>>> print(open('final_25.txt').read())   # compact mmCIF, C-alpha atoms
# COMPACT_ATOMS: atom_id res chain seq x y z
CA MET O 1 6.71 8.12 3.41
CA LYS O 2 10.34 8.00 4.28
CA ASN O 3 11.25 9.93 7.45
CA ARG O 4 9.84 13.25 6.48
CA ILE O 5 9.68 16.92 7.32
CA ILE O 6 10.90 17.86 10.78
CA VAL O 7 10.63 16.34 14.23
CA ALA O 8 8.38 19.12 15.52
CA ALA O 9 5.87 18.60 12.73
CA LEU O 10 5.81 14.86 13.32
CA ALA O 11 5.39 15.30 17.05
CA GLY O 12 2.42 17.55 16.44
CA LEU O 13 0.91 15.08 14.03
CA PHE O 14 1.09 12.19 16.46
CA SER O 15 0.02 14.09 19.54
CA ALA O 16 -3.16 14.96 17.66
CA SER O 17 -3.57 11.40 16.41
CA ALA O 18 -3.44 10.01 19.92
CA PHE O 19 -6.76 11.70 20.68
CA ALA O 20 -8.42 11.39 17.25
CA HIS O 21 -9.71 7.82 17.08
CA VAL O 22 -10.89 6.44 13.76
CA SER O 23 -14.66 6.75 13.35
CA TYR O 24 -17.40 5.86 10.87
CA SER O 25 -19.74 8.37 12.55
CA THR O 26 -22.43 9.69 10.15
CA ARG O 27 -20.66 7.90 7.29
CA ASP O 28 -22.78 4.79 6.94
CA PHE O 29 -23.84 5.05 3.29
CA LEU O 30 -27.19 3.30 3.68
CA ALA O 31 -28.09 5.01 6.98
CA ASN O 32 -26.68 8.52 6.45
CA GLY O 33 -26.39 8.93 2.69
CA VAL O 34 -28.89 10.79 0.53
CA GLN O 35 -30.61 8.20 -1.65
CA SER O 36 -31.46 8.63 -5.33
CA GLY O 37 -32.59 5.37 -6.89
CA ASN O 38 -29.92 2.77 -6.15
CA THR O 39 -27.27 5.38 -5.22
CA TRP O 40 -26.46 6.75 -1.76
CA THR O 41 -24.29 9.89 -1.45
CA LEU O 42 -22.36 11.25 1.52
CA SER O 43 -21.79 14.97 0.91
CA ASN O 44 -19.70 17.63 2.68
CA GLN O 45 -17.04 15.21 3.90
CA ARG O 46 -13.59 16.40 4.99
CA VAL O 47 -10.16 14.84 5.16
CA THR O 48 -7.16 16.34 6.98
CA SER O 49 -4.55 16.21 4.23
CA ASP O 50 -4.06 15.89 0.49
CA PHE O 51 -1.56 13.01 0.75
CA GLY O 52 -2.94 10.51 3.30
CA TRP O 53 -4.00 7.79 0.88
CA ALA O 54 -0.76 7.91 -1.14
CA ASP O 55 1.27 7.81 2.07
CA GLY O 56 -0.42 4.53 3.01
CA ALA O 57 0.38 3.01 -0.38
CA ASP O 58 4.16 3.01 0.08
CA ALA O 59 6.33 0.47 1.89
CA ASP O 60 6.11 2.05 5.35
CA TRP O 61 2.33 2.59 5.25
CA GLY O 62 0.64 5.70 6.68
CA ASP O 63 -1.34 7.42 9.43
CA SER O 64 -5.00 6.36 9.45
CA HIS O 65 -6.00 9.76 10.84
CA ARG O 66 -5.05 11.44 7.55
CA LEU O 67 -8.03 9.67 5.96
CA ARG O 68 -11.79 9.51 6.16
CA TRP O 69 -13.66 6.27 6.82
CA ALA O 70 -17.11 5.19 5.58
CA LYS O 71 -18.98 1.90 5.65
CA PHE O 72 -21.85 -0.07 4.14
CA ARG O 73 -23.45 -3.47 4.52
CA LEU O 74 -24.78 -5.71 1.74
CA THR O 75 -27.45 -8.35 2.32
CA GLU O 76 -26.76 -10.18 -0.96
CA THR O 77 -24.11 -10.46 -3.64
CA SER O 78 -24.10 -7.17 -5.54
CA VAL O 79 -22.22 -5.08 -8.07
CA VAL O 80 -21.04 -1.96 -6.25
CA THR O 81 -19.71 1.24 -7.81
CA LEU O 82 -17.90 3.71 -5.57
CA THR O 83 -17.23 7.29 -6.69
CA VAL O 84 -15.27 9.93 -4.78
CA SER O 85 -15.22 13.56 -5.96
CA ALA O 86 -13.46 16.66 -4.64
CA ALA O 87 -15.76 19.40 -3.34
CA SER O 88 -15.36 22.79 -1.69
CA PHE O 89 -17.80 23.95 0.98
CA ASP O 90 -18.00 26.02 4.15
CA TYR O 91 -18.27 24.43 7.59
CA LEU O 92 -18.34 25.53 11.21
CA SER O 93 -15.47 24.80 13.59
CA GLY O 94 -15.23 26.32 17.05
CA GLY O 95 -17.79 28.94 16.13
CA ASN O 96 -15.83 30.00 13.04
CA THR O 97 -16.80 29.51 9.41
CA LEU O 98 -14.02 27.77 7.51
CA THR O 99 -13.69 26.48 3.96
CA ALA O 100 -12.78 22.96 2.94
CA LEU O 101 -10.55 23.18 -0.12
CA GLY O 102 -11.84 21.61 -3.32
CA ASP O 103 -8.48 20.59 -4.81
CA LEU O 104 -8.34 17.00 -3.54
CA ILE O 105 -6.87 14.42 -5.90
CA PRO O 106 -8.68 11.47 -4.34
CA GLY O 107 -7.58 7.92 -3.82
CA PHE O 108 -9.53 5.22 -2.03
CA SER O 109 -9.24 1.63 -0.91
CA LEU O 110 -12.02 -0.86 -0.20
CA TYR O 111 -11.84 -3.51 2.52
CA SER O 112 -14.02 -6.28 3.88
CA GLY O 113 -14.80 -5.87 7.56
CA LEU O 114 -15.08 -2.96 9.95
CA ALA O 115 -12.53 -1.60 12.40
CA PRO O 116 -13.36 -1.85 16.12
CA ALA O 117 -15.31 1.10 17.49
CA ALA O 118 -13.13 4.15 18.20
CA ALA O 119 -10.05 2.29 16.98
CA PHE O 120 -6.68 3.99 16.85
CA GLU O 121 -3.17 3.10 15.80
CA GLY O 122 -2.08 1.24 18.88
CA GLY O 123 -3.10 -1.71 20.97
CA ASP O 124 -2.17 -4.18 23.65
CA HIS O 125 -4.05 -7.22 22.37
CA PRO O 126 -1.70 -10.16 21.63
CA ASP O 127 -3.25 -10.65 18.16
CA TYR O 128 -2.46 -7.05 17.27
CA LEU O 129 1.12 -7.23 18.47
CA ALA O 130 1.64 -10.55 16.67
CA ASN O 131 0.25 -9.37 13.33
CA HIS O 132 1.18 -5.70 13.14
CA PRO O 133 4.72 -4.79 12.07
CA GLY O 134 4.87 -1.80 14.40
CA PHE O 135 5.83 1.83 13.97
CA LEU O 136 8.99 3.68 13.07
CA PRO O 137 10.81 4.47 16.31
CA THR O 138 11.72 7.92 14.96
CA LEU O 139 8.07 8.99 15.02
CA ASN O 140 6.92 8.34 18.56
CA PRO O 141 8.09 5.13 20.25
CA ASN O 142 5.93 5.78 23.31
CA TYR O 143 2.73 6.15 21.30
CA LEU O 144 2.14 2.39 21.43
CA GLY O 145 3.95 1.90 24.71
CA ALA O 146 7.56 1.69 25.79
CA GLY O 147 9.65 -0.55 23.59
CA ILE O 148 6.98 -1.15 20.93
CA THR O 149 8.59 0.07 17.74
CA GLY O 150 8.94 -1.22 14.21
CA THR O 151 9.14 -0.32 10.55
CA ARG O 152 5.91 1.54 9.80
CA GLU O 153 4.71 5.16 9.92
CA GLY O 154 1.19 4.07 10.75
CA ALA O 155 -1.36 1.26 10.64
CA PHE O 156 -2.92 2.12 7.27
CA ASN O 157 -2.00 -0.08 4.30
CA ALA O 158 -3.65 1.27 1.13
CA SER O 159 -2.73 -1.78 -0.95
CA GLY O 160 -3.22 -4.75 1.37
CA ASP O 161 -4.71 -6.17 4.55
CA PHE O 162 -3.99 -4.44 7.85
CA TRP O 163 -4.95 -4.58 11.50
CA LEU O 164 -6.29 -1.57 13.31
CA GLY O 165 -5.75 -2.11 16.99
CA ASN O 166 -7.04 -0.72 20.20
CA LYS O 167 -6.83 -1.29 23.92
CA LEU O 168 -8.41 -4.63 24.78
CA ALA O 169 -10.30 -3.00 27.66
CA GLU O 170 -11.97 -0.60 25.20
CA VAL O 171 -13.18 -2.99 22.49
CA GLY O 172 -13.43 -6.31 24.32
CA ALA O 173 -12.51 -9.70 22.94
CA ALA O 174 -15.48 -9.74 20.54
CA GLY O 175 -14.34 -6.49 18.92
CA TRP O 176 -11.16 -8.14 17.78
CA ALA O 177 -13.00 -10.45 15.41
CA ALA O 178 -13.29 -7.47 13.04
CA ALA O 179 -9.90 -5.93 13.73
CA ARG O 180 -8.41 -7.19 10.48
CA LEU O 181 -9.46 -5.30 7.34
CA GLY O 182 -9.24 -7.43 4.20
CA TYR O 183 -8.05 -5.54 1.12
CA ILE O 184 -10.30 -5.78 -1.95
CA GLY O 185 -9.16 -3.05 -4.33
CA GLN O 186 -8.29 0.60 -4.85
CA ALA O 187 -8.65 3.51 -7.25
CA VAL O 188 -6.73 6.75 -7.61
CA ASP O 189 -7.40 9.93 -9.56
CA GLY O 190 -4.95 11.44 -12.03
CA ALA O 191 -1.67 10.07 -13.34
CA GLY O 192 -1.06 8.00 -10.22
CA VAL O 193 1.53 7.94 -7.46
CA ASP O 194 5.31 8.32 -7.83
CA PHE O 195 7.00 7.30 -4.58
CA ASN O 196 10.60 8.17 -5.45
CA GLY O 197 10.34 11.36 -7.49
CA ASP O 198 11.95 9.53 -10.41
CA LYS O 199 9.09 10.23 -12.86
CA VAL O 200 8.12 6.55 -12.74
CA ILE O 201 4.51 5.91 -11.75
CA ASP O 202 4.37 3.26 -9.04
CA ILE O 203 0.56 3.13 -8.76
CA THR O 204 -1.40 3.90 -11.91
CA GLY O 205 -4.26 6.38 -11.74
CA ASP O 206 -7.32 6.82 -13.93
CA GLY O 207 -5.41 9.15 -16.26
CA SER O 208 -7.47 12.28 -15.66
CA ALA O 209 -6.73 14.57 -12.70
CA ASP O 210 -10.27 15.93 -12.59
CA GLY O 211 -10.91 15.43 -8.88
CA THR O 212 -13.10 12.35 -9.39
CA VAL O 213 -12.31 8.65 -9.30
CA SER O 214 -14.61 5.64 -9.58
CA ALA O 215 -14.35 1.85 -9.48
CA SER O 216 -16.73 -1.12 -9.48
CA PHE O 217 -16.58 -4.37 -7.52
CA THR O 218 -18.67 -7.53 -7.24
CA LEU O 219 -19.09 -8.16 -3.51
CA ALA O 220 -20.67 -10.87 -1.39
CA ALA O 221 -23.06 -10.11 1.45
CA GLY O 222 -21.22 -8.54 4.38
CA SER O 223 -19.81 -5.34 5.85
CA TYR O 224 -17.26 -3.15 4.06
CA SER O 225 -15.00 -0.19 4.80
CA LEU O 226 -14.21 2.57 2.31
CA ILE O 227 -11.11 4.61 3.19
CA VAL O 228 -10.60 7.90 1.33
CA GLY O 229 -7.63 10.26 1.22
CA GLY O 230 -5.40 12.43 -0.92
CA ALA O 231 -3.08 11.07 -3.61
CA ARG O 232 -0.44 13.85 -3.74
CA TYR O 233 2.50 11.88 -2.36
CA ALA O 234 5.07 14.69 -2.57
CA SER O 235 2.81 17.37 -1.10
CA PRO O 236 4.11 17.36 2.53
CA TYR O 237 7.70 17.66 1.31
CA ILE O 238 6.79 20.90 -0.48
CA ASP O 239 4.59 22.67 2.09
CA PHE O 240 3.55 20.67 5.15
CA ASP O 241 1.05 23.25 6.42
CA ALA O 242 -0.70 23.49 3.06
CA ALA O 243 -0.63 19.71 2.68
CA THR O 244 -2.46 19.20 5.97
CA ALA O 245 -5.27 21.69 5.32
CA GLN O 246 -8.84 20.40 5.26
CA ARG O 247 -9.98 19.03 1.89
CA GLY O 248 -13.61 18.48 0.92
CA PHE O 249 -15.18 15.62 -1.01
CA SER O 250 -18.34 13.62 -1.60
CA ALA O 251 -18.60 9.84 -1.85
CA ALA O 252 -21.30 7.88 -3.66
CA LEU O 253 -22.26 4.21 -3.45
CA SER O 254 -24.32 2.60 -6.23
CA VAL O 255 -25.61 -0.95 -5.74
CA SER O 256 -27.02 -3.32 -8.36
CA ALA O 257 -28.06 -6.93 -7.91
CA VAL O 258 -26.01 -9.61 -9.66
CA PRO O 259 -28.26 -11.47 -12.15
CA GLU O 260 -29.05 -15.04 -11.11
CA PRO O 261 -27.89 -17.84 -13.46
CA GLU O 262 -31.50 -18.32 -14.56
CA GLY O 263 -31.64 -14.65 -15.46
CA TRP O 264 -28.55 -14.94 -17.64
CA ALA O 265 -30.04 -18.00 -19.37
CA LEU O 266 -33.26 -16.15 -20.14
CA MET O 267 -31.31 -13.14 -21.38
CA LEU O 268 -29.17 -15.26 -23.72
CA ALA O 269 -32.23 -17.15 -24.96
CA GLY O 270 -33.95 -13.86 -25.69
CA LEU O 271 -30.94 -12.54 -27.60
CA GLY O 272 -30.82 -15.78 -29.59
CA LEU O 273 -34.49 -15.45 -30.52
CA ILE O 274 -33.99 -11.85 -31.62
CA GLY O 275 -31.07 -12.95 -33.79
CA LEU O 276 -33.13 -15.73 -35.38
CA ILE O 277 -35.98 -13.35 -36.21
CA ALA O 278 -33.52 -10.88 -37.73
CA ARG O 279 -31.99 -13.57 -39.94
CA ARG O 280 -35.41 -14.72 -41.17
CA ARG O 281 -36.40 -11.17 -42.03
CA THR O 282 -33.16 -10.74 -43.96
CA ALA O 283 -33.81 -13.97 -45.87
CA LEU O 284 -37.26 -12.78 -46.93
CA ILE O 285 -35.97 -9.50 -48.35
>>> encode(input="final_25.txt", output="structure tokens")
Amino acid sequence: MKNRIIVAALAGLFSASAFAHVSYSTRDFLANGVQSGNTWTLSNQRVTSDFGWADGADADWGDSHRLRWAKFRLTETSVVTLTVSAASFDYLSGGNTLTALGDLIPGFSLYSGLAPAAAFEGGDHPDYLANHPGFLPTLNPNYLGAGITGTREGAFNASGDFWLGNKLAEVGAAGWAAARLGYIGQAVDGAGVDFNGDKVIDITGDGSADGTVSASFTLAAGSYSLIVGGARYASPYIDFDAATAQRGFSAALSVSAVPEPEGWALMLAGLGLIGLIARRRTALI
């Protein structure tokens, strides 16, 4: 988003982000999800805003801490369907019972690869500094280190590849092999996202603001990251406190094998035989 809200709010946002590293913890679909047939569901998930995904879809990207991250690994080429649905539920925080709001308009993006463990929006690795466009100096120029500024609000790019950096001492050289997340596709609930308030939809949604969005992809064997957030782009301009309240959702992963070429041939042959039998029966009538 363009320089938004007030300096105090932004300072609070980034001071929290500095300590809240990105994590896949308990959000590995195949390890942590509840399985039913070929579907694995992660329930009672929370995200810390209703605009984080939409924010990352504009030209200056967004804060990865306004999102929730999940992962899965495929051992063979598969057809994958991902579904994210808003949900309200109670949860404990600091000994208090709180409620995650169920009004999320979800958006999600799918990427090949996994971010380094405990990654955050900053890094000192030369590859990161060479490939990442940097952050807006108006937000917090010292967050990445003195003099490291740029043109972005955060590291998250909802509509393309991005690097999620970290301190080299934390992840090691090997961790950087997975530091680049390769964009595959996205889906957004509702009408879509209007970046400029001009009533023109810049990213088309599924047409129904029912709190659920789904998309299917054919994927090769490998590891993948699902990044979920809110799609209300204008929300923080209206009421920043309300926009940053906890939202609840569930995410489901369904996996089906891609038929082998021999399987398609047998299927087509079978359909042809059925058609021939039908024509013969018609001729005898």
>>> closest_residue(input="final_25.txt", among="O:Asp189, O:Glu260, O:Asp60, O:Asp55", to="Ala215 in chain O", atoms="all atoms listed in the file")
O:Asp189
>>> atom_distance(input="final_25.txt", atom1="CA of Asp58 in chain O", atom2="CA of Gly113 in chain O")
22.2 Å
>>> residues_around(input="final_25.txt", residues="Val193 in chain O", least_positions_apart="4", cutoff="6 Å", atoms="only C-alpha atoms", output="short mmCIF file (atom, residue, chain, number, x, y, z; two decimals) with C-alpha atoms, keeping the file's coordinate frame")
data_model
loop_
_atom_site.label_atom_id
_atom_site.label_comp_id
_atom_site.auth_asym_id
_atom_site.auth_seq_id
_atom_site.Cartn_x
_atom_site.Cartn_y
_atom_site.Cartn_z
CA ILE O 201 4.51 5.91 -11.75
CA ASP O 202 4.37 3.26 -9.04
CA ILE O 203 0.56 3.13 -8.76
#
>>> atom_distance(input="final_25.txt", atom1="CA of Asp50 in chain O", atom2="CA of Thr83 in chain O")
17.3 Å
>>> closest_residue(input="final_25.txt", among="O:Arg232, O:Arg247, O:Arg180, O:Arg27", to="Pro116 in chain O", atoms="all atoms listed in the file")
O:Arg180
